[in-house]
Amino acid sequence: MRKMFALLLALSLWTITLSAQSPAAELILEHDGGVVSASWNADETRILTAAEDGLAKIWSAADGELLQTIDHNGKPLTDALWTADGMHILSADESGIIQYTDVESGEVLQSWEISGMPITLQLSADESDFFVFTSAGNGAIWSLEGDEVVSVSR
């Protein structure tokens with residue numbers, strides 16, 4: 001009886017696993033380096049990816065079309081995120097450069113530099129400021145207008 005129960009349980013788990021897997025991805029979003037972050041915009045019509053190839057890319061969620069590429073001069077990215085309105089992104093690379101970029105034009109509106117490799121970015125609730133922390137233990141809060149508000153160093 002136990003053997004029959006174990007066999008039925010194993011068969012059930014195998015069937016569930018097969019049904020949960022999709023035979024093919026619906027979208028293919030390609031980078032030449034490993035992707036370090038990916039996120040939807042607020043209305044889920046676009047996807048932002050950031051990769052080790054130094055590029056942040058914005059894709060159509062409907063068909064996978066590449067809509068915009070933001071270059072960090074080949075420096076591997078560590079993080080990227082959308083603003084709530086989907087009009088701008090904030091992205092960071094391993095050299096400590098953080099860029100605030102207009103999504104439609106691809107123009108870098110503001111940039112900052114911090115000592116160490118950024119490992120996290122976060123916008124304030126009202127999106128007037130952001131914070132960044134590095135693997136070296138450094139951190140800063142900056143205004144999106146460019147002013148440093150607070151700096152923390154190890």
# chains A, B, ... in the order shown; residues from 1 in each chain; ligands from 1
call {"tool": "residues_around", "arguments": {"residues": "Asp93 (chain A)", "least_positions_apart": "5", "cutoff": "8 Å", "atoms": "only C-alpha atoms", "output": "PyMOL selection string"}}
result
chain A and resi 54+72+75-79+98+117-118
call {"tool": "write_last_selection", "arguments": {"atoms": "N, CA and C atoms", "output": "mmCIF file, in the first residue's frame"}}
result
data_model
loop_
_atom_site.group_PDB
_atom_site.id
_atom_site.type_symbol
_atom_site.label_atom_id
_atom_site.label_comp_id
_atom_site.auth_asym_id
_atom_site.auth_seq_id
_atom_site.Cartn_x
_atom_site.Cartn_y
_atom_site.Cartn_z
ATOM 1 N N GLY A 54 26.656 46.495 -20.015
ATOM 2 C CA GLY A 54 26.693 47.950 -19.898
ATOM 3 C C GLY A 54 25.477 48.644 -20.466
ATOM 4 N N HIS A 72 25.914 52.687 -20.703
ATOM 5 C CA HIS A 72 26.798 53.128 -19.624
ATOM 6 C C HIS A 72 28.252 52.968 -20.068
ATOM 7 N N LYS A 75 30.283 49.787 -19.245
ATOM 8 C CA LYS A 75 30.525 49.393 -17.851
ATOM 9 C C LYS A 75 29.346 48.553 -17.354
ATOM 10 N N PRO A 76 29.612 47.372 -16.813
ATOM 11 C CA PRO A 76 28.525 46.484 -16.370
ATOM 12 C C PRO A 76 27.573 47.172 -15.392
ATOM 13 N N LEU A 77 26.290 46.999 -15.641
ATOM 14 C CA LEU A 77 25.277 47.591 -14.765
ATOM 15 C C LEU A 77 25.073 46.722 -13.535
ATOM 16 N N THR A 78 24.664 47.368 -12.449
ATOM 17 C CA THR A 78 24.364 46.653 -11.215
ATOM 18 C C THR A 78 22.890 46.750 -10.826
ATOM 19 N N ASP A 79 22.187 47.764 -11.339
ATOM 20 C CA ASP A 79 20.777 47.939 -10.993
ATOM 21 C C ASP A 79 20.154 48.969 -11.921
ATOM 22 N N ILE A 98 25.868 56.677 -11.558
ATOM 23 C CA ILE A 98 24.408 56.545 -11.548
ATOM 24 C C ILE A 98 23.870 57.547 -12.555
ATOM 25 N N MET A 117 31.126 50.034 -5.814
ATOM 26 C CA MET A 117 30.158 49.486 -6.768
ATOM 27 C C MET A 117 28.747 49.536 -6.178
ATOM 28 N N PRO A 118 27.837 50.291 -6.802
ATOM 29 C CA PRO A 118 26.458 50.344 -6.299
ATOM 30 C C PRO A 118 25.812 48.960 -6.320
#
call {"tool": "residues_around", "arguments": {"residues": "Glu30 (chain A)", "least_positions_apart": "4", "cutoff": "10 Å", "atoms": "only C-alpha atoms", "output": "CSV table (one decimal) with all heavy atoms, in the first residue's frame"}}
result
chain,number,residue,atom,x,y,z
A,34,GLY,N,25.1,38.9,-18.8
A,34,GLY,CA,24.0,38.5,-17.9
A,34,GLY,C,23.2,39.6,-17.4
A,34,GLY,O,23.6,40.7,-17.2
A,35,VAL,N,21.9,39.4,-17.3
A,35,VAL,CA,20.9,40.4,-16.8
A,35,VAL,C,21.0,40.4,-15.3
A,35,VAL,O,20.9,39.4,-14.7
A,35,VAL,CB,19.5,40.1,-17.3
A,35,VAL,CG1,18.5,41.0,-16.7
A,35,VAL,CG2,19.4,40.2,-18.9
A,49,THR,N,15.4,46.1,-18.6
A,49,THR,CA,16.4,45.1,-18.2
A,49,THR,C,17.7,45.9,-18.1
A,49,THR,O,18.0,46.8,-18.8
A,49,THR,CB,16.6,44.0,-19.2
A,49,THR,OG1,16.8,44.5,-20.5
A,49,THR,CG2,15.3,43.1,-19.3
A,51,ALA,N,22.0,45.0,-17.7
A,51,ALA,CA,22.9,43.8,-17.9
A,51,ALA,C,24.4,44.2,-17.7
A,51,ALA,O,24.8,45.3,-17.7
A,51,ALA,CB,22.6,43.2,-19.2
A,57,LYS,N,18.0,48.2,-21.3
A,57,LYS,CA,17.2,48.2,-22.5
A,57,LYS,C,15.7,48.2,-22.1
A,57,LYS,O,15.3,47.7,-21.0
A,57,LYS,CB,17.4,46.9,-23.3
A,57,LYS,CG,18.8,46.9,-23.9
A,57,LYS,CD,19.0,45.6,-24.8
A,57,LYS,CE,20.4,45.6,-25.4
A,57,LYS,NZ,20.6,44.4,-26.3
A,64,GLY,N,8.0,42.2,-27.4
A,64,GLY,CA,9.4,42.0,-27.2
A,64,GLY,C,10.3,43.0,-28.1
A,64,GLY,O,11.5,42.9,-28.1
A,66,LEU,N,12.5,45.9,-29.1
A,66,LEU,CA,13.5,46.8,-28.4
A,66,LEU,C,13.1,48.3,-28.7
A,66,LEU,O,13.1,48.7,-29.8
A,66,LEU,CB,14.9,46.5,-28.8
A,66,LEU,CG,16.0,47.4,-28.1
A,66,LEU,CD1,16.0,47.2,-26.6
A,66,LEU,CD2,17.3,47.1,-28.7
call {"tool": "residues_around", "arguments": {"residues": "Ser39 (chain A)", "least_positions_apart": "4", "cutoff": "12 Å", "atoms": "only C-alpha atoms", "output": "ChimeraX atom specification"}}
result
/A:35,43-50,56-59,61,79-84,86,89
call {"tool": "closest_residue", "arguments": {"among": "A:Phe130, A:Gln68, A:Gly96, A:Ser91", "to": "Ser37 (chain A)", "atoms": "only C-alpha atoms"}}
result
A:Ser91
call {"tool": "residues_around", "arguments": {"residues": "Thr134 (chain A)", "least_positions_apart": "4", "cutoff": "8 Å", "atoms": "only C-alpha atoms", "output": "PDB file with N, CA, C and O atoms, in the first residue's frame"}}
result
ATOM      1  N   SER A 115      31.817  56.378  -4.602  1.00  0.00           N
ATOM      2  CA  SER A 115      32.966  55.495  -4.444  1.00  0.00           C
ATOM      3  C   SER A 115      32.488  54.088  -4.105  1.00  0.00           C
ATOM      4  O   SER A 115      31.777  53.886  -3.128  1.00  0.00           O
ATOM      5  N   GLY A 116      32.842  53.129  -4.937  1.00  0.00           N
ATOM      6  CA  GLY A 116      32.429  51.741  -4.740  1.00  0.00           C
ATOM      7  C   GLY A 116      31.379  51.334  -5.753  1.00  0.00           C
ATOM      8  O   GLY A 116      30.829  52.152  -6.486  1.00  0.00           O
ATOM      9  N   MET A 117      31.126  50.034  -5.814  1.00  0.00           N
ATOM     10  CA  MET A 117      30.158  49.486  -6.768  1.00  0.00           C
ATOM     11  C   MET A 117      28.747  49.536  -6.178  1.00  0.00           C
ATOM     12  O   MET A 117      28.480  48.907  -5.148  1.00  0.00           O
ATOM     13  N   PRO A 118      27.837  50.291  -6.802  1.00  0.00           N
ATOM     14  CA  PRO A 118      26.458  50.344  -6.299  1.00  0.00           C
ATOM     15  C   PRO A 118      25.812  48.960  -6.320  1.00  0.00           C
ATOM     16  O   PRO A 118      25.935  48.229  -7.309  1.00  0.00           O
ATOM     17  N   ILE A 119      25.157  48.625  -5.225  1.00  0.00           N
ATOM     18  CA  ILE A 119      24.449  47.347  -5.177  1.00  0.00           C
ATOM     19  C   ILE A 119      22.944  47.517  -5.050  1.00  0.00           C
ATOM     20  O   ILE A 119      22.198  46.581  -5.274  1.00  0.00           O
ATOM     21  N   THR A 120      22.507  48.733  -4.722  1.00  0.00           N
ATOM     22  CA  THR A 120      21.069  48.974  -4.669  1.00  0.00           C
ATOM     23  C   THR A 120      20.764  50.445  -4.923  1.00  0.00           C
ATOM     24  O   THR A 120      21.535  51.321  -4.558  1.00  0.00           O
ATOM     25  N   ASN A 138      29.621  52.321   1.336  1.00  0.00           N
ATOM     26  CA  ASN A 138      29.314  53.739   1.165  1.00  0.00           C
ATOM     27  C   ASN A 138      27.855  53.895   0.756  1.00  0.00           C
ATOM     28  O   ASN A 138      27.288  53.033   0.097  1.00  0.00           O
ATOM     29  N   GLY A 139      27.281  55.019   1.109  1.00  0.00           N
ATOM     30  CA  GLY A 139      25.915  55.295   0.718  1.00  0.00           C
ATOM     31  C   GLY A 139      25.698  56.786   0.563  1.00  0.00           C
ATOM     32  O   GLY A 139      26.478  57.590   1.069  1.00  0.00           O
TER      33      GLY A 139
END
call {"tool": "atom_distance", "arguments": {"atom1": "CA of Glu107 (chain A)", "atom2": "CA of Glu127 (chain A)"}}
result
18.8 Å
call {"tool": "closest_residue", "arguments": {"among": "A:Ala125, A:Ala42, A:Val150, A:Val132", "to": "Met87 (chain A)", "atoms": "only C-alpha atoms"}}
result
A:Ala42
call {"tool": "atom_distance", "arguments": {"atom1": "CA of Asn73 (chain A)", "atom2": "CA of Leu55 (chain A)"}}
result
8.1 Å
call {"tool": "atom_distance", "arguments": {"atom1": "CA of Leu67 (chain A)", "atom2": "CA of Ala92 (chain A)"}}
result
19.9 Å
call {"tool": "residues_around", "arguments": {"residues": "Asp129 (chain A)", "least_positions_apart": "4", "cutoff": "6 Å", "atoms": "only C-alpha atoms", "output": "JSON, numbers by chain"}}
result
{"A": [124, 142, 143, 144]}
